[in-house]
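S.K.: Mind having a look at this structure? Questions to follow.
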Amino acid sequence: MKKDSENQKISFRRIISNNVFMLRQIQQAAPFLIAALLVTEVFNRLGWVFSDTYLMRYLLNGVEEGKSFRQLAPVLLYMLVGMVVSGLAFYGYELYSRIRKTDVERHLHLLVYQKAAAVELGCYENPAFYNRFVKAIEECKKRAETFEDTLRQLEGQTLSLIGNFAMILAIDPVTLPFVLLPLLGVPLTAKKNRIRYTQKMKQKEEQRVEEYSRRTFYLAEYAKELRLLPAPLFLLRRFRQSGERIIAVIQKYGFSLAALEYLEDILAEVCMTLGITAYAVWQTLGTGRMGYGDCMVIINSVSIVGYMLRNYAGHFLAFQENALYIENMREFLAYTPQITGGETPVPQTGDLVLEDVSFRYEGAAEDTLRHVNMRFGANERVAIVGHNGAGKTTLVKLLLRLYDPVGTIRYGGVDIRNLPLSDYRELFSSVMQDYKIFALPASENVLRRSTKEGDAQIVSRALELAGLKDKFDTYENGTDTIMTREFDPNGALFSGGEQQKLAISHVYAKENRFVILDEPSSALDPDGEYALNQAIASYAEDRTVIFISHRLSSTRLADRIYMFADGVLAEYGTHEELMQANGKYAYMFRLQAEKYAGISG
């Protein structure tokens, strides 16, 4: 991916492109939102310009000229009506926009989430990519709102600027130089925006560390460790250190930001405001060239026009600043996933074969797997064994195409890179050792998708085979019971073994050609693991079942056993063949045999 946006300069063309990109997204999610914004602002601004400038001047000059209340009353009524109409337009838009902005937010988040779901697993293990992902999620809503607000202010202030500029020309064109003073601060504002952006991006990196430390104190999955180990002290120290680094970032850029803002205010508030006030008062009281209404309006109009010009340029700079954040989001969305599918139809049958497969994780010094050759035949029971860290789980990730290796994996004689990715993965039912139970109904945890008509029987059968049906029969909502209590105080809380059974129930709910069990039964004792694997092997007799474990309680069920050691396929064969070979497998099996009641070598 590209270098982080905070370290890039962005061209004028890209500024336009990024803001147009955001405009298109808003239009796509809420087609009438921008049109409503523009129309509302016309009513709102013209009403205020007319009442605050033209009618105010007429009233004050009328009082000075001795006009009666009866003559001035209609003007007051016009002011009131204008304020009511503009107010109704504004609040009507606010109500409408709250609804439509939710559509925009959902649309942008869906774009980011869909991209996140499409990228390869390795991206989540890349800190730079993950930082960009987090920033994209956090910023997409705010960037849309900033674009809308900047566009509305730009339109409204343009209308105000035109109206007040015309009044200045009508009263005294000599005052025009005063309104240009704030423009001298535009380069200061541009520099301030760049510094603020850099500061914010650096803060976000530290805030993510701080948020992680904070999150561990309220997530249930950390509660036990926090009470049994001295982890709270360590995490609190990290929390404080993150806070100190955030303060250091603020201090690093804070003085520059404060100095730039001070200079901006001097130009706008001191030079312009005091200067025009002194000039207008002198022209009114000293020379008599201005009436009281002219004096009040010229001070007000010059201040407004000067402020508008300053902010007019500021709004273009706001588009520039917004473009920097949008650039980050666009770079994330533009990332091309490295693991994509081909167009060759998935073969109806065939073996899954690994040919000279090696794999190394990004940044690792050595390969995790080296020159592996394996075959998984139709309807076979295959056990993959070895100590922790031998490369077994990495092998599973390669089979599922979560990563692409050096070498070739074929299914039915076709390189799996040439098969449609989703269709290829549909060949597998898998339960990983780091499975997750979602805060969703139990039925959706079993199916791993939304339920539809006819699913109740499938879910019931799967839970029965997994040994959980009786438990769910005791719940008021049955299989619709929400798992965990994160969102439902009546949610189901399962033990580790019960959670594993719920995860494994997915195998019984889905018919695929391959079943992969990557140590999902680690919370069970060896006898329980053996019984579970035997039940799955019996249930899936017309499918290929792959058992991955560092425990050998189920290997006698296997038609073939692959023994891994330090990323290398050390030996393979049937249980009897490997025991006769008296190699690594035989040694490991005998070492564990005393744990397996009724099993001997």
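Just so we're on the same page: first chain in the structure tokens is A, next is B, and so on; residues restart at 1 for each chain, and ligands are numbered from 1 in the order they show up.
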I'd like the neighbourhood of Phe165 of chain A as a VMD selection string, where a residue qualifies if any of its atoms comes within 10 Å (using only C-alpha atoms), though same-chain residues fewer than 3 positions away should be ignored.
M.R.: chain A and resid 159 to 162 168 to 170 173 176 179 298 301 to 302 304 to 306
S.K.: How about saving the chosen residues, all heavy atoms kept, as a short mmCIF file (atom, residue, chain, number, x, y, z; two decimals), in the first residue's frame?
M.R.:
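Ended up saving to result-v6.cif:
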data_model
loop_
_atom_site.label_atom_id
_atom_site.label_comp_id
_atom_site.auth_asym_id
_atom_site.auth_seq_id
_atom_site.Cartn_x
_atom_site.Cartn_y
_atom_site.Cartn_z
N LEU A 159 -23.58 33.89 -0.44
CA LEU A 159 -24.76 34.76 -0.51
C LEU A 159 -24.62 35.97 0.42
O LEU A 159 -24.94 37.11 0.05
CB LEU A 159 -26.02 33.97 -0.15
CG LEU A 159 -26.39 32.84 -1.12
CD1 LEU A 159 -27.52 32.00 -0.55
CD2 LEU A 159 -26.77 33.41 -2.49
N SER A 160 -24.14 35.73 1.63
CA SER A 160 -23.93 36.83 2.58
C SER A 160 -22.88 37.80 2.06
O SER A 160 -23.02 39.03 2.19
CB SER A 160 -23.50 36.28 3.94
OG SER A 160 -24.53 35.53 4.53
N LEU A 161 -21.81 37.25 1.49
CA LEU A 161 -20.74 38.10 0.98
C LEU A 161 -21.25 39.00 -0.15
O LEU A 161 -20.96 40.20 -0.17
CB LEU A 161 -19.60 37.21 0.47
CG LEU A 161 -18.32 37.94 0.03
CD1 LEU A 161 -17.08 37.12 0.40
CD2 LEU A 161 -18.32 38.16 -1.49
N ILE A 162 -22.02 38.44 -1.06
CA ILE A 162 -22.54 39.24 -2.18
C ILE A 162 -23.44 40.35 -1.67
O ILE A 162 -23.33 41.53 -2.08
CB ILE A 162 -23.30 38.34 -3.18
CG1 ILE A 162 -22.32 37.37 -3.86
CG2 ILE A 162 -24.03 39.18 -4.22
CD1 ILE A 162 -22.99 36.32 -4.71
N ILE A 168 -21.63 47.64 0.95
CA ILE A 168 -20.39 48.41 1.14
C ILE A 168 -20.16 49.34 -0.05
O ILE A 168 -19.82 50.52 0.11
CB ILE A 168 -19.19 47.46 1.34
CG1 ILE A 168 -19.32 46.71 2.67
CG2 ILE A 168 -17.87 48.23 1.29
CD1 ILE A 168 -18.29 45.62 2.85
N LEU A 169 -20.34 48.82 -1.26
CA LEU A 169 -20.17 49.64 -2.45
C LEU A 169 -21.16 50.80 -2.48
O LEU A 169 -20.83 51.90 -2.92
CB LEU A 169 -20.34 48.79 -3.71
CG LEU A 169 -19.23 47.78 -4.00
CD1 LEU A 169 -19.58 46.93 -5.22
CD2 LEU A 169 -17.89 48.48 -4.21
N ALA A 170 -22.37 50.53 -1.98
CA ALA A 170 -23.40 51.57 -2.00
C ALA A 170 -23.11 52.65 -0.96
O ALA A 170 -23.39 53.84 -1.19
CB ALA A 170 -24.78 50.95 -1.73
N PRO A 173 -17.20 52.81 -0.85
CA PRO A 173 -16.24 51.87 -1.42
C PRO A 173 -14.84 52.00 -0.84
O PRO A 173 -14.04 51.07 -0.95
CB PRO A 173 -16.23 52.24 -2.92
CG PRO A 173 -17.51 52.96 -3.16
CD PRO A 173 -17.80 53.69 -1.88
N LEU A 176 -13.34 49.14 1.35
CA LEU A 176 -13.03 47.81 0.82
C LEU A 176 -11.66 47.27 1.24
O LEU A 176 -11.52 46.07 1.50
CB LEU A 176 -13.13 47.82 -0.71
CG LEU A 176 -14.56 47.86 -1.29
CD1 LEU A 176 -14.50 47.93 -2.81
CD2 LEU A 176 -15.33 46.63 -0.85
N VAL A 179 -11.62 44.94 4.24
CA VAL A 179 -12.13 43.56 4.17
C VAL A 179 -11.07 42.60 3.63
O VAL A 179 -11.21 41.38 3.75
CB VAL A 179 -13.40 43.48 3.30
CG1 VAL A 179 -14.45 44.44 3.80
CG2 VAL A 179 -13.10 43.72 1.83
N ILE A 298 -22.13 49.60 7.91
CA ILE A 298 -20.82 49.48 7.28
C ILE A 298 -19.86 48.71 8.18
O ILE A 298 -19.07 47.88 7.72
CB ILE A 298 -20.24 50.86 6.89
CG1 ILE A 298 -19.14 50.70 5.80
CG2 ILE A 298 -19.63 51.57 8.09
CD1 ILE A 298 -19.67 50.29 4.48
N SER A 301 -21.16 45.15 7.95
CA SER A 301 -20.93 44.55 6.64
C SER A 301 -19.46 44.29 6.36
O SER A 301 -19.09 43.25 5.81
CB SER A 301 -21.52 45.44 5.54
OG SER A 301 -22.92 45.46 5.62
N VAL A 302 -18.59 45.25 6.74
CA VAL A 302 -17.15 45.04 6.54
C VAL A 302 -16.67 43.85 7.38
O VAL A 302 -15.89 43.02 6.90
CB VAL A 302 -16.36 46.31 6.89
CG1 VAL A 302 -14.86 46.00 6.98
CG2 VAL A 302 -16.60 47.39 5.85
N ILE A 304 -18.51 41.35 8.36
CA ILE A 304 -19.06 40.13 7.76
C ILE A 304 -18.29 39.75 6.50
O ILE A 304 -17.88 38.60 6.33
CB ILE A 304 -20.56 40.31 7.45
CG1 ILE A 304 -21.37 40.34 8.75
CG2 ILE A 304 -21.07 39.18 6.55
CD1 ILE A 304 -22.84 40.64 8.55
N VAL A 305 -18.08 40.72 5.60
CA VAL A 305 -17.37 40.41 4.36
C VAL A 305 -15.94 39.97 4.64
O VAL A 305 -15.44 39.02 4.02
CB VAL A 305 -17.39 41.63 3.41
CG1 VAL A 305 -16.48 41.39 2.20
CG2 VAL A 305 -18.81 41.92 2.96
N GLY A 306 -15.27 40.66 5.56
CA GLY A 306 -13.92 40.25 5.92
C GLY A 306 -13.90 38.84 6.49
O GLY A 306 -13.05 38.01 6.14
#
S.K.: Based on DSSP run over this structure's backbone, return all residues of segment 166-386 of chain A in helix (DSSP H, G or I), as a VMD selection string.
M.R.: chain A and resid 166 to 171 173 to 215 220 to 228 231 to 286 292 to 334
S.K.: Find the residue from A:Met308, A:Ala466, A:Ile137, A:Ala118 that sits nearest to Glu155 of chain A; use only C-alpha atoms when measuring.
M.R.: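 Result for the nearest residue to Glu155 of chain A: A:Met308.
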S.K.: Would you mind writing down, as a ChimeraX atom specification, each residue of segment 398-436 of chain A that DSSP on the backbone assigns to strand (DSSP E or B)?
M.R.: /A:406-411,414-415,428-431
S.K.: So how many Å separate atom CA of Gly386 of chain A and atom CA of Phe564 of chain A, to one decimal?
M.R.: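 Separation of atom CA of Gly386 of chain A and atom CA of Phe564 of chain A: 5.0 Å.
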S.K.: Pick the closest to Glu327 of chain A from A:Ala136, A:Val42, A:Ile416, A:Val297: which is it, counting only C-alpha atoms?
M.R.: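 Once distances to Glu327 of chain A are computed over only C-alpha atoms, the minimum belongs to A:Ala136.
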S.K.: From the list A:Phe438, A:Ala117, A:Gln25, A:Tyr335, which residue is nearest Phe487 of chain A when using only C-alpha atoms?
M.R.: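 Looking at the shortest contact to Phe487 of chain A, the residue is A:Phe438.
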S.K.: Which residues are near Asp356 of chain A? Cut-off 12 Å, only C-alpha atoms, ignore same chain within fewer than 4 positions. Put them as a VMD selection string.
M.R.: chain A and resid 369 to 375 405 to 410 568 to 569
S.K.: Name all residues at most 8 Å from segment 337-350 of chain A (count only C-alpha atoms; drop same-chain ones fewer than 2 positions away) and give them as a PyMOL selection string.
M.R.: chain A and resi 118-120+335+352+377-378+401-404+411-414+417-424
S.K.: Between A:Ala442, A:Leu532, A:Leu181, A:Val249, which residue has the minimum interatomic distance to Phe494 of chain A, considering only C-alpha atoms?
M.R.: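 Nearest to Phe494 of chain A: A:Ala442.
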S.K.: Rank A:Leu267, A:Val49, A:Ala535, A:Leu72 by their smallest atom-to-atom distance to Leu188 of chain A, using only C-alpha atoms, and report the top residue only.
M.R.: A:Leu267
S.K.: Return the single residue from A:Thr479, A:Glu362, A:Cys140, A:Phe239 that is closest to Thr216 of chain A, with distances computed using only C-alpha atoms.
M.R.: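 Among the listed residues, A:Phe239 lies closest to Thr216 of chain A.
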S.K.: I'd like the neighbourhood of Gly87 of chain A as a list in words, where a residue qualifies if any of its atoms comes within 12 Å (using only C-alpha atoms), though same-chain residues fewer than 6 positions away should be ignored.
M.R.: Thr40, Glu41, Val42, Phe43, Asn44, Arg45, Leu46, Gly47, Trp48, Leu80, Val81, Tyr93 and Glu94 of chain A
S.K.: Next, write the just-selected residues to a file, as a PDB file, in the first residue's frame, keeping N, CA and C atoms as the atom set.
M.R.:
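result14.pdb, written as the output of this step:
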ATOM      1  N   THR A  40     -32.235  25.048   1.139  1.00  0.00           N
ATOM      2  CA  THR A  40     -32.463  25.554   2.501  1.00  0.00           C
ATOM      3  C   THR A  40     -31.550  26.723   2.807  1.00  0.00           C
ATOM      4  N   GLU A  41     -30.305  26.612   2.397  1.00  0.00           N
ATOM      5  CA  GLU A  41     -29.343  27.667   2.707  1.00  0.00           C
ATOM      6  C   GLU A  41     -29.670  28.965   1.966  1.00  0.00           C
ATOM      7  N   VAL A  42     -30.247  28.851   0.771  1.00  0.00           N
ATOM      8  CA  VAL A  42     -30.671  30.054   0.045  1.00  0.00           C
ATOM      9  C   VAL A  42     -31.726  30.808   0.854  1.00  0.00           C
ATOM     10  N   PHE A  43     -32.768  30.095   1.318  1.00  0.00           N
ATOM     11  CA  PHE A  43     -33.807  30.735   2.130  1.00  0.00           C
ATOM     12  C   PHE A  43     -33.217  31.310   3.411  1.00  0.00           C
ATOM     13  N   ASN A  44     -32.379  30.528   4.055  1.00  0.00           N
ATOM     14  CA  ASN A  44     -31.839  30.929   5.355  1.00  0.00           C
ATOM     15  C   ASN A  44     -30.961  32.175   5.239  1.00  0.00           C
ATOM     16  N   ARG A  45     -30.009  32.172   4.317  1.00  0.00           N
ATOM     17  CA  ARG A  45     -29.044  33.263   4.219  1.00  0.00           C
ATOM     18  C   ARG A  45     -29.660  34.544   3.658  1.00  0.00           C
ATOM     19  N   LEU A  46     -30.470  34.403   2.614  1.00  0.00           N
ATOM     20  CA  LEU A  46     -31.075  35.606   2.043  1.00  0.00           C
ATOM     21  C   LEU A  46     -31.984  36.308   3.049  1.00  0.00           C
ATOM     22  N   GLY A  47     -32.673  35.501   3.857  1.00  0.00           N
ATOM     23  CA  GLY A  47     -33.517  36.093   4.892  1.00  0.00           C
ATOM     24  C   GLY A  47     -32.718  36.884   5.901  1.00  0.00           C
ATOM     25  N   TRP A  48     -31.612  36.317   6.346  1.00  0.00           N
ATOM     26  CA  TRP A  48     -30.789  37.001   7.343  1.00  0.00           C
ATOM     27  C   TRP A  48     -30.074  38.219   6.748  1.00  0.00           C
ATOM     28  N   LEU A  80     -39.605  40.081  10.804  1.00  0.00           N
ATOM     29  CA  LEU A  80     -40.129  38.950  11.570  1.00  0.00           C
ATOM     30  C   LEU A  80     -40.512  37.804  10.645  1.00  0.00           C
ATOM     31  N   VAL A  81     -41.228  38.134   9.579  1.00  0.00           N
ATOM     32  CA  VAL A  81     -41.650  37.086   8.635  1.00  0.00           C
ATOM     33  C   VAL A  81     -40.439  36.401   8.015  1.00  0.00           C
ATOM     34  N   TYR A  93     -34.935  21.277   7.327  1.00  0.00           N
ATOM     35  CA  TYR A  93     -33.779  20.595   6.747  1.00  0.00           C
ATOM     36  C   TYR A  93     -33.047  19.765   7.801  1.00  0.00           C
ATOM     37  N   GLU A  94     -32.894  20.317   8.990  1.00  0.00           N
ATOM     38  CA  GLU A  94     -32.188  19.590  10.048  1.00  0.00           C
ATOM     39  C   GLU A  94     -32.860  18.255  10.337  1.00  0.00           C
TER      40      GLU A  94
END
S.K.: What is the distance between atom CA of Asn311 of chain A and atom CA of Met56 of chain A, in Å to one decimal?
M.R.: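 Answer for the atom CA of Asn311 of chain A to atom CA of Met56 of chain A separation: 24.1 Å.
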S.K.: To one decimal place in Å, what is the distance between atom CA of Leu110 of chain A and atom CA of Cys123 of chain A?
M.R.: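 According to the coordinates, atom CA of Leu110 of chain A and atom CA of Cys123 of chain A are separated by 18.4 Å.
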S.K.: Show which residues sit within 12 Å of Gln433 of chain A, as a list in words. Count only C-alpha atoms, and ignore same-chain residues fewer than 2 positions away.
M.R.: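 Once the nearby chain positions are removed, what remains is Asn388, Lys392, Thr393, Thr394, Val396, Lys397, Ser430, Val431, Tyr435, Lys436, Gly496, Gln499, Gln500, Ala503, Ile504, Ile516, Leu517, Asp518, Glu519, Pro520, Ser521, Ser522, Ala523, Phe547, Ile548, Ser549 and His550 of chain A.
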S.K.: Do you know which residues are at most 9 Å from Gln207 of chain A counting only C-alpha atoms, after dropping those on the same chain fewer than 6 positions away, and could you put them as a PyMOL selection string?
M.R.: chain A and resi 242-243+246
S.K.: Write to file, as a PDB file, in the first residue's frame, the residues of the selection just made, with N, CA, C and O atoms.
M.R.:
ATOM      1  N   SER A 242       0.584   5.668  26.969  1.00  0.00           N
ATOM      2  CA  SER A 242      -0.071   6.123  25.740  1.00  0.00           C
ATOM      3  C   SER A 242      -0.555   7.552  25.906  1.00  0.00           C
ATOM      4  O   SER A 242      -0.409   8.387  25.007  1.00  0.00           O
ATOM      5  N   GLY A 243      -1.154   7.824  27.079  1.00  0.00           N
ATOM      6  CA  GLY A 243      -1.608   9.184  27.354  1.00  0.00           C
ATOM      7  C   GLY A 243      -0.464  10.181  27.340  1.00  0.00           C
ATOM      8  O   GLY A 243      -0.605  11.299  26.822  1.00  0.00           O
ATOM      9  N   ILE A 246       0.485  10.852  23.784  1.00  0.00           N
ATOM     10  CA  ILE A 246      -0.501  11.728  23.152  1.00  0.00           C
ATOM     11  C   ILE A 246      -0.243  13.178  23.556  1.00  0.00           C
ATOM     12  O   ILE A 246      -0.289  14.099  22.733  1.00  0.00           O
TER      13      ILE A 246
END
